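Structure first, then comments.
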Number of protein chains: 2
Amino acid sequence: MTNTDNCDFDAVTAYLRSLQDTICNAFSAFERNSFQQDEWSHPTGGGGRTRILENGECIEKGGINFSHVRGDQLPASASAKRPEIAGKPFEATGLSLVIHPKNPHAPTAHMNVRFFIANRHGSNPVWWFGGGFDLTPYYGYEADCVHWHTVARQACEGAVGISYGSLKKLCDEYFFIRHRNEPRGIGGLFFDDYRADGFRNAFGFMQRVGDHFLPAYLPIIERRKNTEYSQQQIDFQNYRRGRYVEFNLVQDRGTLFGLQSGGRTESILMSLPPTVNWRYDWRAAPDSAEARLTDYFLQSRNWLDDRAKDRCSEQ
Amino acid sequence: MTNTDNCDFDAVTAYLRSLQDTICNAFSAFERNSFQQDEWSHPTGGGGRTRILENGECIEKGGINFSHVRGDQLPASASAKRPEIAGKPFEATGLSLVIHPKNPHAPTAHMNVRFFIANRHGSNPVWWFGGGFDLTPYYGYEADCVHWHTVARQACEGAVGISYGSLKKLCDEYFFIRHRNEPRGIGGLFFDDYRADGFRNAFGFMQRVGDHFLPAYLPIIERRKNTEYSQQQIDFQNYRRGRYVEFNLVQDRGTLFGLQSGGRTESILMSLPPTVNWRYDWRAAPDSAEARLTDYFLQSRNWLDDRAKDRCSEQ
């Protein structure tokens with residue numbers, strides 16, 4: 001029920017393309033090879049620009065996907081909470097990325113920012129922004145969690161109608177693997193249906209989230225990419241990556257939206273890890289680093305409380 | 001709307017338990033280790049008996065799961081075609097198995113037979129049988145496909161109200177990965193909502209399907225388990241296993257039913273392959289054995305036409 005006259009769609013796509021360049025350039029600093037680029041068209045209108053790097057020195061598989069697609073009918077996965085716009089024409093643009101580092105001490109990172117308009121040229125058009133970023137460690141480090149959430153909080157400073165606390169909570173709720181009764185990772189930010197204070201403000205907040213991804217992730221990658229690791233730690237990383245696959249294919253609305261709306265499958269599923277193991281009913285040894293991942297790190301907690309600094313220095 | 005007075009639930013569970021024994025014993029002949037067994041309870045009633053074998057000589061990962069569960073509310077995934085029983089109490093029993101052989105020349109096999117009663121003790125109880133088996137090769141062999149479908153056809157001889165042709169068609173339709181526009185494998189049999197000619201007949205047909213699984217699969221395993229293979233062929237097997245994961249987690253009603261109804265996650269996801277790779281936009285070399293899998297074998301076709309014998313001998 002929002003006037004779309006002031007929505008500058010082109011400004012959003014221009015920002016997202018530029019953010020894709022910035023992020024790719026930043027990761028390229030770690031790598032000998034550059035990202036491979038594929039431009040593609042969407043069957044119902046629009047298209048995208050997928051960039052992928054595989055088997056790098058630091059990144060085992062990383063994908064950064066820009067898309068701007070139009071469709072005749074908004075799929076159910078995008079309108080679950082808005083039955084009034086189900087099946088309406090829509091236009092969506094977004095940047096999605098997943099980075100799977102080679103080193104099991106370096107966490108997997110995900111970021112997505114997106115803009116939707118449903119029924120743009122009809123009656124009662126509706127637009128909104130959404131996005132966020134979240135981190136999935138295999139071997140947990142308190143300092144990484146605190147850094148990640150510190151930058152997440154900075155991204156929310158001055159935001160209208162939302163706060164770090166509310167977006168962290170939504171992130172914990174969204175990235176929760178129901179059939180495992182377990183969070184996917186240590187969370188971060190998640191927002192959706194955001195249009196507070198009009199287009200300029202909402203777009204500005206989306207940009208803040210997008211711009212804070214690199215400051216949140218790069219220092220962690222720098223710290224962990226050369227940590228020594230064993231084959232056993234790689235095995236654990238591959239086992240835990242199974243959880244990532246389970247979440248993305250069973251629950252993730254972005255993935256299901258893409259697949260249901262006839263999106264480019266290879267661009268959507270670039271998020272899946274390069275190597276994954278499923279072992280029946282595997283359990284970590286008590287008090288091991290592997291057990292500590294689920295027992296300590298994958299618990300919804302306040303990473304920025306007064307004792308955070310002490311916990312970091314103990315590690 | 002069917003009278004359940006004549007439904008002998010205990011006879012069904014007795015048959016399924018015995019079939020689990022028979023199948024495990026048959027596979028144990030190939031293996032030094034025996035199946036690991038876990039008995040478990042379902043939170044809303046009933047439970048199951050899971051048997052698993054990992055890292056065997058022939059079977060890289062195989063699971064055979066018997067379950068008999070009761071629930072208060074039939075989940076959406078089991079009642080999509082029957083809105084009148086959505087949310088009703090239900091009782092379900094079934095045997096599900098997935099065998100992932102180590103050798104990439106040996107296909108993955110899946111079999112499931114099941115019996116459902118919704119609203120058993122209320123008004124308008126509804127019962128039905130369902131099940132089938134299907135085969136997923138990595139390297140295709142005409143003779144294996146013809147053998148598999150020959151036994152599938154034998155299982156349907158004399159069936160009331162259904163035929164090999166109709167069940168093969170349903171199987172092709174069900175095991176089709178929509179987002180890949182590609183069949184999961186070479187099909188077999190699939191039936192659901194079956195209650196033709198009353199309980200005795202329908203139960204009898206389910207038993208025929210269950211009993212024909214070993215004659216369909218064992219000769220293929222015997223033929224392929226010692227075929228020499230390269231690392232490149234293992235890589236291709238692991239890549240193709242990704243499709244298996246995608247189908248099971250995105251589309252498979254049995255998997256989603258299990259996860260939605262609070263089933264035992266490790267028993268449900270035992271179907272997932274032990275090792276899987278996702279590579280971005282990978283393509284097989286033209287005219288290679290890998291290309292032949294999708295170009296020839298993973299096409300819905302009549303494996304039992306007049307020329308089947310010739311095609312086998314050409315291979």
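Residue numbering restarts at 1 for every chain of the structure tokens, chains are lettered A, B, ... in their displayed order, and ligands are numbered from 1 as they appear.
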Contacts of chain A with chain B up to 6 Å, shortest pair per row, only C-alpha atoms, as a tab-separated table:
```
residue	atom	partner	partner_atom	distance
A:His179	CA	B:Leu259	CA	5.9
A:Leu249	CA	B:Val250	CA	5.5
A:Val250	CA	B:Leu249	CA	5.5
A:Leu259	CA	B:His179	CA	5.9
A:Glu266	CA	B:Asp281	CA	5.8
A:Pro274	CA	B:Trp278	CA	4.8
A:Thr275	CA	B:Asn277	CA	4.5
A:Val276	CA	B:Val276	CA	5.1
A:Asn277	CA	B:Thr275	CA	4.5
A:Trp278	CA	B:Pro274	CA	4.8
A:Asp281	CA	B:Glu266	CA	5.8
```
Atoms to include: N, CA, C and O atoms. Write the selected residues as a compact mmCIF listing (two decimals), in the first residue's frame.
```
# COMPACT_ATOMS: atom_id res chain seq x y z
N HIS A 179 14.95 -29.13 11.88
CA HIS A 179 15.03 -30.59 12.04
C HIS A 179 16.29 -31.03 12.80
O HIS A 179 16.41 -32.20 13.16
N LEU A 249 18.65 -26.06 1.36
CA LEU A 249 17.71 -26.75 0.47
C LEU A 249 16.36 -27.02 1.12
O LEU A 249 15.35 -27.10 0.44
N VAL A 250 16.32 -27.15 2.43
CA VAL A 250 15.04 -27.44 3.09
C VAL A 250 14.32 -26.16 3.49
O VAL A 250 13.10 -26.07 3.36
N LEU A 259 14.55 -21.11 -6.97
CA LEU A 259 14.24 -22.34 -7.70
C LEU A 259 12.79 -22.33 -8.19
O LEU A 259 12.51 -22.73 -9.32
N GLU A 266 22.28 -22.88 -11.42
CA GLU A 266 23.71 -22.87 -11.05
C GLU A 266 24.07 -21.62 -10.25
O GLU A 266 24.98 -21.67 -9.41
N PRO A 274 31.67 -26.98 -1.61
CA PRO A 274 32.32 -27.80 -2.65
C PRO A 274 32.37 -29.28 -2.30
O PRO A 274 32.21 -30.12 -3.17
N THR A 275 32.63 -29.61 -1.04
CA THR A 275 32.72 -31.01 -0.61
C THR A 275 31.96 -31.16 0.70
O THR A 275 32.11 -30.34 1.60
N VAL A 276 31.14 -32.19 0.75
CA VAL A 276 30.28 -32.40 1.91
C VAL A 276 30.27 -33.89 2.25
O VAL A 276 30.30 -34.73 1.36
N ASN A 277 30.26 -34.18 3.54
CA ASN A 277 30.10 -35.57 3.99
C ASN A 277 28.88 -35.69 4.88
O ASN A 277 28.63 -34.82 5.71
N TRP A 278 28.14 -36.78 4.69
CA TRP A 278 27.12 -37.14 5.67
C TRP A 278 27.52 -38.47 6.30
O TRP A 278 27.73 -39.46 5.59
N ASP A 281 24.63 -40.37 12.29
CA ASP A 281 24.58 -40.18 13.74
C ASP A 281 25.96 -39.94 14.35
O ASP A 281 26.27 -40.44 15.43
```
Let's see if you can do this: from backbone DSSP, list all helix (DSSP H, G or I) residues in range 216-288 of chain B, as an mmCIF file with N, CA, C and O atoms, in the first residue's frame.
```cif
data_model
loop_
_atom_site.group_PDB
_atom_site.id
_atom_site.type_symbol
_atom_site.label_atom_id
_atom_site.label_comp_id
_atom_site.auth_asym_id
_atom_site.auth_seq_id
_atom_site.Cartn_x
_atom_site.Cartn_y
_atom_site.Cartn_z
ATOM 1 N N ALA B 216 15.582 -57.433 -8.238
ATOM 2 C CA ALA B 216 15.862 -56.359 -9.197
ATOM 3 C C ALA B 216 17.279 -55.823 -9.020
ATOM 4 O O ALA B 216 17.978 -55.528 -9.997
ATOM 5 N N TYR B 217 17.736 -55.706 -7.784
ATOM 6 C CA TYR B 217 18.980 -54.972 -7.512
ATOM 7 C C TYR B 217 20.206 -55.873 -7.389
ATOM 8 O O TYR B 217 21.288 -55.531 -7.883
ATOM 9 N N LEU B 218 20.066 -57.008 -6.709
ATOM 10 C CA LEU B 218 21.263 -57.809 -6.409
ATOM 11 C C LEU B 218 22.064 -58.216 -7.648
ATOM 12 O O LEU B 218 23.301 -58.125 -7.632
ATOM 13 N N PRO B 219 21.409 -58.659 -8.728
ATOM 14 C CA PRO B 219 22.219 -59.044 -9.903
ATOM 15 C C PRO B 219 23.027 -57.868 -10.456
ATOM 16 O O PRO B 219 24.130 -58.060 -10.982
ATOM 17 N N ILE B 220 22.498 -56.664 -10.325
ATOM 18 C CA ILE B 220 23.226 -55.484 -10.823
ATOM 19 C C ILE B 220 24.448 -55.221 -9.942
ATOM 20 O O ILE B 220 25.557 -54.973 -10.441
ATOM 21 N N ILE B 221 24.248 -55.280 -8.645
ATOM 22 C CA ILE B 221 25.369 -55.092 -7.716
ATOM 23 C C ILE B 221 26.452 -56.152 -7.962
ATOM 24 O O ILE B 221 27.652 -55.839 -8.030
ATOM 25 N N GLU B 222 26.022 -57.398 -8.107
ATOM 26 C CA GLU B 222 26.971 -58.489 -8.381
ATOM 27 C C GLU B 222 27.831 -58.177 -9.612
ATOM 28 O O GLU B 222 29.045 -58.386 -9.616
ATOM 29 N N ARG B 223 27.178 -57.672 -10.655
ATOM 30 C CA ARG B 223 27.870 -57.413 -11.916
ATOM 31 C C ARG B 223 28.830 -56.247 -11.828
ATOM 32 O O ARG B 223 29.805 -56.191 -12.566
ATOM 33 N N ARG B 224 28.536 -55.241 -10.995
ATOM 34 C CA ARG B 224 29.294 -53.981 -11.051
ATOM 35 C C ARG B 224 30.219 -53.752 -9.871
ATOM 36 O O ARG B 224 31.052 -52.844 -9.922
ATOM 37 N N GLN B 231 39.863 -42.335 -10.238
ATOM 38 C CA GLN B 231 39.512 -41.203 -9.367
ATOM 39 C C GLN B 231 38.559 -40.252 -10.083
ATOM 40 O O GLN B 231 37.638 -39.697 -9.475
ATOM 41 N N GLN B 232 38.750 -40.116 -11.378
ATOM 42 C CA GLN B 232 37.864 -39.234 -12.156
ATOM 43 C C GLN B 232 36.426 -39.751 -12.101
ATOM 44 O O GLN B 232 35.477 -38.957 -12.052
ATOM 45 N N GLN B 233 36.272 -41.064 -12.107
ATOM 46 C CA GLN B 233 34.920 -41.637 -12.048
ATOM 47 C C GLN B 233 34.296 -41.466 -10.655
ATOM 48 O O GLN B 233 33.098 -41.252 -10.523
ATOM 49 N N ILE B 234 35.150 -41.531 -9.643
ATOM 50 C CA ILE B 234 34.660 -41.239 -8.287
ATOM 51 C C ILE B 234 34.225 -39.771 -8.188
ATOM 52 O O ILE B 234 33.192 -39.442 -7.604
ATOM 53 N N ASP B 235 35.016 -38.901 -8.789
ATOM 54 C CA ASP B 235 34.657 -37.480 -8.771
ATOM 55 C C ASP B 235 33.290 -37.259 -9.421
ATOM 56 O O ASP B 235 32.475 -36.473 -8.935
ATOM 57 N N PHE B 236 33.071 -37.955 -10.522
ATOM 58 C CA PHE B 236 31.789 -37.806 -11.214
ATOM 59 C C PHE B 236 30.643 -38.364 -10.362
ATOM 60 O O PHE B 236 29.573 -37.763 -10.256
ATOM 61 N N GLN B 237 30.897 -39.512 -9.735
ATOM 62 C CA GLN B 237 29.883 -40.083 -8.831
ATOM 63 C C GLN B 237 29.548 -39.087 -7.717
ATOM 64 O O GLN B 237 28.373 -38.842 -7.424
ATOM 65 N N ASN B 238 30.552 -38.472 -7.126
ATOM 66 C CA ASN B 238 30.309 -37.512 -6.038
ATOM 67 C C ASN B 238 29.584 -36.264 -6.539
ATOM 68 O O ASN B 238 28.763 -35.685 -5.826
ATOM 69 N N TYR B 239 29.907 -35.866 -7.758
ATOM 70 C CA TYR B 239 29.201 -34.734 -8.346
ATOM 71 C C TYR B 239 27.728 -35.085 -8.569
ATOM 72 O O TYR B 239 26.816 -34.343 -8.190
ATOM 73 N N ARG B 240 27.485 -36.237 -9.150
ATOM 74 C CA ARG B 240 26.099 -36.641 -9.431
ATOM 75 C C ARG B 240 25.319 -36.888 -8.144
ATOM 76 O O ARG B 240 24.105 -36.720 -8.102
ATOM 77 N N ARG B 241 25.986 -37.316 -7.109
ATOM 78 C CA ARG B 241 25.290 -37.500 -5.832
ATOM 79 C C ARG B 241 24.687 -36.198 -5.334
ATOM 80 O O ARG B 241 23.737 -36.204 -4.556
ATOM 81 N N GLY B 242 25.248 -35.079 -5.775
ATOM 82 C CA GLY B 242 24.663 -33.790 -5.420
ATOM 83 C C GLY B 242 23.213 -33.694 -5.883
ATOM 84 O O GLY B 242 22.353 -33.127 -5.195
ATOM 85 N N ARG B 243 22.929 -34.255 -7.054
ATOM 86 C CA ARG B 243 21.552 -34.248 -7.558
ATOM 87 C C ARG B 243 20.641 -35.038 -6.626
ATOM 88 O O ARG B 243 19.481 -34.696 -6.436
ATOM 89 N N TYR B 244 21.184 -36.114 -6.088
ATOM 90 C CA TYR B 244 20.401 -36.951 -5.174
ATOM 91 C C TYR B 244 20.021 -36.144 -3.930
ATOM 92 O O TYR B 244 18.886 -36.160 -3.470
ATOM 93 N N VAL B 245 20.988 -35.413 -3.409
ATOM 94 C CA VAL B 245 20.730 -34.563 -2.238
ATOM 95 C C VAL B 245 19.694 -33.497 -2.592
ATOM 96 O O VAL B 245 18.744 -33.253 -1.834
ATOM 97 N N GLU B 246 19.883 -32.865 -3.731
ATOM 98 C CA GLU B 246 18.957 -31.792 -4.110
ATOM 99 C C GLU B 246 17.524 -32.316 -4.179
ATOM 100 O O GLU B 246 16.600 -31.697 -3.657
ATOM 101 N N PHE B 247 17.342 -33.460 -4.829
ATOM 102 C CA PHE B 247 15.979 -33.998 -4.924
ATOM 103 C C PHE B 247 15.422 -34.314 -3.535
ATOM 104 O O PHE B 247 14.300 -33.931 -3.198
ATOM 105 N N ASN B 248 16.215 -35.017 -2.738
ATOM 106 C CA ASN B 248 15.675 -35.471 -1.449
ATOM 107 C C ASN B 248 15.329 -34.322 -0.522
ATOM 108 O O ASN B 248 14.326 -34.375 0.182
ATOM 109 N N LEU B 249 16.147 -33.268 -0.531
ATOM 110 C CA LEU B 249 15.892 -32.172 0.411
ATOM 111 C C LEU B 249 14.911 -31.130 -0.125
ATOM 112 O O LEU B 249 14.216 -30.482 0.650
ATOM 113 N N VAL B 250 14.862 -30.967 -1.439
ATOM 114 C CA VAL B 250 13.950 -29.944 -1.979
ATOM 115 C C VAL B 250 12.569 -30.519 -2.279
ATOM 116 O O VAL B 250 11.557 -29.866 -2.042
ATOM 117 N N ARG B 253 8.743 -36.029 -0.896
ATOM 118 C CA ARG B 253 7.655 -35.918 0.079
ATOM 119 C C ARG B 253 7.924 -36.764 1.321
ATOM 120 O O ARG B 253 7.582 -36.362 2.438
ATOM 121 N N GLY B 254 8.532 -37.939 1.132
ATOM 122 C CA GLY B 254 8.829 -38.788 2.284
ATOM 123 C C GLY B 254 9.802 -38.111 3.239
ATOM 124 O O GLY B 254 9.621 -38.126 4.456
ATOM 125 N N THR B 255 10.841 -37.490 2.681
ATOM 126 C CA THR B 255 11.818 -36.784 3.510
ATOM 127 C C THR B 255 11.161 -35.610 4.223
ATOM 128 O O THR B 255 11.305 -35.440 5.442
ATOM 129 N N LEU B 256 10.414 -34.815 3.486
ATOM 130 C CA LEU B 256 9.792 -33.628 4.089
ATOM 131 C C LEU B 256 8.719 -34.033 5.096
ATOM 132 O O LEU B 256 8.589 -33.415 6.160
ATOM 133 N N PHE B 257 7.980 -35.110 4.785
ATOM 134 C CA PHE B 257 6.999 -35.625 5.744
ATOM 135 C C PHE B 257 7.697 -36.003 7.047
ATOM 136 O O PHE B 257 7.253 -35.656 8.140
ATOM 137 N N GLY B 258 8.794 -36.726 6.924
ATOM 138 C CA GLY B 258 9.524 -37.158 8.114
ATOM 139 C C GLY B 258 10.026 -35.984 8.933
ATOM 140 O O GLY B 258 9.842 -35.928 10.149
ATOM 141 N N LEU B 259 10.643 -35.005 8.258
ATOM 142 C CA LEU B 259 11.194 -33.857 8.992
ATOM 143 C C LEU B 259 10.081 -33.011 9.600
ATOM 144 O O LEU B 259 10.182 -32.546 10.731
ATOM 145 N N GLN B 260 8.994 -32.826 8.850
ATOM 146 C CA GLN B 260 7.886 -31.997 9.355
ATOM 147 C C GLN B 260 7.141 -32.648 10.516
ATOM 148 O O GLN B 260 6.558 -31.960 11.348
ATOM 149 N N THR B 265 15.678 -37.375 12.775
ATOM 150 C CA THR B 265 16.407 -36.784 11.659
ATOM 151 C C THR B 265 17.483 -37.719 11.102
ATOM 152 O O THR B 265 17.613 -37.876 9.886
ATOM 153 N N GLU B 266 18.251 -38.363 11.969
ATOM 154 C CA GLU B 266 19.337 -39.218 11.485
ATOM 155 C C GLU B 266 18.802 -40.408 10.683
ATOM 156 O O GLU B 266 19.477 -40.902 9.777
ATOM 157 N N SER B 267 17.614 -40.890 11.028
ATOM 158 C CA SER B 267 17.032 -42.001 10.264
ATOM 159 C C SER B 267 16.488 -41.524 8.927
ATOM 160 O O SER B 267 16.565 -42.237 7.925
ATOM 161 N N ILE B 268 15.946 -40.326 8.915
ATOM 162 C CA ILE B 268 15.393 -39.791 7.667
ATOM 163 C C ILE B 268 16.526 -39.440 6.702
ATOM 164 O O ILE B 268 16.474 -39.759 5.518
ATOM 165 N N LEU B 269 17.563 -38.806 7.220
ATOM 166 C CA LEU B 269 18.639 -38.310 6.352
ATOM 167 C C LEU B 269 19.739 -39.346 6.123
ATOM 168 O O LEU B 269 20.766 -39.033 5.521
ATOM 169 N N MET B 270 19.519 -40.568 6.583
ATOM 170 C CA MET B 270 20.451 -41.642 6.226
ATOM 171 C C MET B 270 20.475 -41.840 4.709
ATOM 172 O O MET B 270 21.394 -42.436 4.162
ATOM 173 N N SER B 271 19.457 -41.320 4.014
ATOM 174 C CA SER B 271 19.413 -41.442 2.550
ATOM 175 C C SER B 271 20.480 -40.601 1.864
ATOM 176 O O SER B 271 20.783 -40.831 0.694
#
```
Who sits within 8 Å of His149 in chain A, only C-alpha atoms, same chain under 5 positions skipped, as a PyMOL selection string: chain A and resi 188+216+303-304
Output file for the residues above (N, CA and C atoms, as a PDB file, in the first residue's frame):
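Saved the output as again.pdb:
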```pdb
ATOM      1  N   GLY A 188      24.091 -12.909  13.077  1.00  0.00           N
ATOM      2  CA  GLY A 188      24.514 -11.613  12.556  1.00  0.00           C
ATOM      3  C   GLY A 188      23.278 -10.743  12.444  1.00  0.00           C
ATOM      4  N   ALA A 216      33.395  -6.665   8.389  1.00  0.00           N
ATOM      5  CA  ALA A 216      33.059  -7.719   9.340  1.00  0.00           C
ATOM      6  C   ALA A 216      33.844  -8.999   9.047  1.00  0.00           C
ATOM      7  N   TRP A 303      26.892 -11.783  22.101  1.00  0.00           N
ATOM      8  CA  TRP A 303      28.348 -11.786  21.917  1.00  0.00           C
ATOM      9  C   TRP A 303      28.988 -10.484  22.375  1.00  0.00           C
ATOM     10  N   LEU A 304      28.159  -9.470  22.640  1.00  0.00           N
ATOM     11  CA  LEU A 304      28.715  -8.141  22.925  1.00  0.00           C
ATOM     12  C   LEU A 304      28.454  -7.690  24.354  1.00  0.00           C
TER      13      LEU A 304
END
```
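Considering only C-alpha atoms, the residue among B:His100, B:Tyr139, B:Trp40, B:Pro83 positioned nearest to Thr227 in chain B is B:Tyr139.
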Nearby residues (only C-alpha atoms) at most 12 Å from Ser18 in chain A, same-chain spacing under 2 positions excluded, as a ChimeraX atom specification: /A:11-16,20-25,49,66,94-95,207,210-211
Mind dumping the selected residues with all heavy atoms as a compact mmCIF listing (two decimals), in the first residue's frame?
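The resulting out_26.txt:
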```txt
# COMPACT_ATOMS: atom_id res chain seq x y z
N ALA A 11 18.94 3.22 -9.02
CA ALA A 11 19.97 3.53 -8.02
C ALA A 11 20.30 2.28 -7.21
O ALA A 11 21.46 2.06 -6.84
CB ALA A 11 19.48 4.65 -7.09
N VAL A 12 19.30 1.46 -6.95
CA VAL A 12 19.55 0.23 -6.19
C VAL A 12 20.42 -0.73 -7.01
O VAL A 12 21.42 -1.26 -6.51
CB VAL A 12 18.23 -0.46 -5.78
CG1 VAL A 12 18.53 -1.72 -4.96
CG2 VAL A 12 17.34 0.49 -4.97
N THR A 13 20.06 -0.94 -8.26
CA THR A 13 20.87 -1.87 -9.06
C THR A 13 22.29 -1.34 -9.25
O THR A 13 23.25 -2.10 -9.22
CB THR A 13 20.22 -2.17 -10.43
OG1 THR A 13 20.03 -0.94 -11.12
CG2 THR A 13 18.89 -2.87 -10.27
N ALA A 14 22.43 -0.04 -9.42
CA ALA A 14 23.78 0.53 -9.59
C ALA A 14 24.61 0.29 -8.33
O ALA A 14 25.79 -0.08 -8.41
CB ALA A 14 23.68 2.03 -9.89
N TYR A 15 24.00 0.49 -7.17
CA TYR A 15 24.73 0.24 -5.92
C TYR A 15 25.13 -1.23 -5.82
O TYR A 15 26.28 -1.54 -5.45
CB TYR A 15 23.86 0.63 -4.71
CG TYR A 15 24.44 0.07 -3.43
CD1 TYR A 15 25.58 0.63 -2.86
CD2 TYR A 15 23.89 -1.06 -2.83
CE1 TYR A 15 26.15 0.09 -1.71
CE2 TYR A 15 24.45 -1.61 -1.69
CZ TYR A 15 25.58 -1.03 -1.13
OH TYR A 15 26.15 -1.58 -0.01
N LEU A 16 24.20 -2.13 -6.13
CA LEU A 16 24.48 -3.56 -5.96
C LEU A 16 25.59 -4.02 -6.91
O LEU A 16 26.46 -4.82 -6.52
CB LEU A 16 23.21 -4.38 -6.19
CG LEU A 16 22.09 -4.16 -5.15
CD1 LEU A 16 20.84 -4.94 -5.55
CD2 LEU A 16 22.55 -4.56 -3.75
N GLN A 20 29.19 -5.52 -5.75
CA GLN A 20 29.74 -6.78 -6.25
C GLN A 20 31.20 -6.60 -6.67
O GLN A 20 32.07 -7.42 -6.34
CB GLN A 20 28.89 -7.30 -7.43
CG GLN A 20 29.29 -8.71 -7.88
CD GLN A 20 28.53 -9.13 -9.13
OE1 GLN A 20 28.23 -8.31 -10.00
NE2 GLN A 20 28.24 -10.42 -9.24
N ASP A 21 31.48 -5.51 -7.38
CA ASP A 21 32.86 -5.23 -7.80
C ASP A 21 33.78 -5.07 -6.58
O ASP A 21 34.87 -5.65 -6.54
CB ASP A 21 32.91 -3.92 -8.61
CG ASP A 21 32.27 -4.07 -9.99
OD1 ASP A 21 32.16 -5.22 -10.46
OD2 ASP A 21 31.89 -3.04 -10.56
N THR A 22 33.32 -4.29 -5.63
CA THR A 22 34.15 -4.01 -4.45
C THR A 22 34.50 -5.30 -3.71
O THR A 22 35.65 -5.52 -3.32
CB THR A 22 33.38 -3.07 -3.50
OG1 THR A 22 33.01 -1.90 -4.22
CG2 THR A 22 34.22 -2.70 -2.30
N ILE A 23 33.49 -6.14 -3.51
CA ILE A 23 33.72 -7.37 -2.75
C ILE A 23 34.62 -8.33 -3.52
O ILE A 23 35.54 -8.93 -2.96
CB ILE A 23 32.36 -8.01 -2.37
CG1 ILE A 23 31.63 -7.09 -1.38
CG2 ILE A 23 32.57 -9.41 -1.77
CD1 ILE A 23 30.21 -7.53 -1.04
N CYS A 24 34.37 -8.46 -4.82
CA CYS A 24 35.23 -9.35 -5.61
C CYS A 24 36.68 -8.87 -5.59
O CYS A 24 37.61 -9.67 -5.45
CB CYS A 24 34.74 -9.43 -7.06
SG CYS A 24 33.23 -10.39 -7.22
N ASN A 25 36.87 -7.58 -5.73
CA ASN A 25 38.24 -7.05 -5.69
C ASN A 25 38.91 -7.34 -4.35
O ASN A 25 40.10 -7.68 -4.31
CB ASN A 25 38.23 -5.53 -5.94
CG ASN A 25 37.90 -5.21 -7.39
OD1 ASN A 25 38.03 -6.08 -8.26
ND2 ASN A 25 37.45 -4.00 -7.65
N ARG A 49 24.42 -11.38 -13.02
CA ARG A 49 25.86 -11.48 -13.25
C ARG A 49 26.43 -12.29 -12.09
O ARG A 49 26.46 -11.81 -10.94
CB ARG A 49 26.43 -10.06 -13.26
CG ARG A 49 27.85 -9.92 -13.73
CD ARG A 49 28.20 -8.46 -13.96
NE ARG A 49 28.38 -7.75 -12.68
CZ ARG A 49 28.69 -6.45 -12.58
NH1 ARG A 49 28.86 -5.71 -13.69
NH2 ARG A 49 28.83 -5.88 -11.41
N PHE A 66 24.86 -11.08 -8.58
CA PHE A 66 23.94 -9.96 -8.72
C PHE A 66 22.79 -10.40 -9.61
O PHE A 66 23.01 -11.08 -10.62
CB PHE A 66 24.66 -8.76 -9.36
CG PHE A 66 23.70 -7.73 -9.88
CD1 PHE A 66 23.08 -6.83 -9.03
CD2 PHE A 66 23.36 -7.69 -11.24
CE1 PHE A 66 22.16 -5.91 -9.50
CE2 PHE A 66 22.44 -6.78 -11.72
CZ PHE A 66 21.84 -5.88 -10.85
N GLY A 94 18.97 -8.01 -6.24
CA GLY A 94 19.69 -8.36 -5.02
C GLY A 94 21.12 -8.76 -5.30
O GLY A 94 21.53 -9.02 -6.44
N LEU A 95 21.89 -8.77 -4.21
CA LEU A 95 23.24 -9.30 -4.26
C LEU A 95 23.33 -10.38 -3.18
O LEU A 95 22.96 -10.13 -2.03
CB LEU A 95 24.27 -8.20 -3.99
CG LEU A 95 25.73 -8.62 -4.21
CD1 LEU A 95 26.03 -8.79 -5.70
CD2 LEU A 95 26.69 -7.60 -3.62
N GLN A 207 22.25 -0.18 2.18
CA GLN A 207 23.64 0.10 1.80
C GLN A 207 24.59 -0.04 3.00
O GLN A 207 25.71 -0.52 2.85
CB GLN A 207 23.75 1.51 1.22
CG GLN A 207 23.09 1.65 -0.14
CD GLN A 207 23.10 3.09 -0.64
OE1 GLN A 207 24.12 3.60 -1.10
NE2 GLN A 207 21.97 3.76 -0.53
N GLY A 210 25.22 -3.67 3.38
CA GLY A 210 26.12 -4.13 2.32
C GLY A 210 27.55 -3.66 2.55
O GLY A 210 28.51 -4.43 2.39
N ASP A 211 27.70 -2.40 2.95
CA ASP A 211 29.04 -1.83 3.12
C ASP A 211 29.78 -2.38 4.33
O ASP A 211 31.00 -2.27 4.42
CB ASP A 211 28.94 -0.30 3.26
CG ASP A 211 28.47 0.36 1.98
OD1 ASP A 211 28.51 -0.30 0.92
OD2 ASP A 211 28.03 1.53 2.04
```
DSSP-assigned strand (DSSP E) among range 90-310 of chain A, expressed as a PyMOL selection string: chain A and resi 90-101+108-118+126-136+176-177+182-183+187-194+275-277
Of the listed residues B:Ala143, B:Ala86, B:Leu214, B:Cys7, that which approaches Lys309 in chain B most closely, counting only C-alpha atoms: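 Once distances to Lys309 in chain B are computed over only C-alpha atoms, the minimum belongs to B:Ala143.
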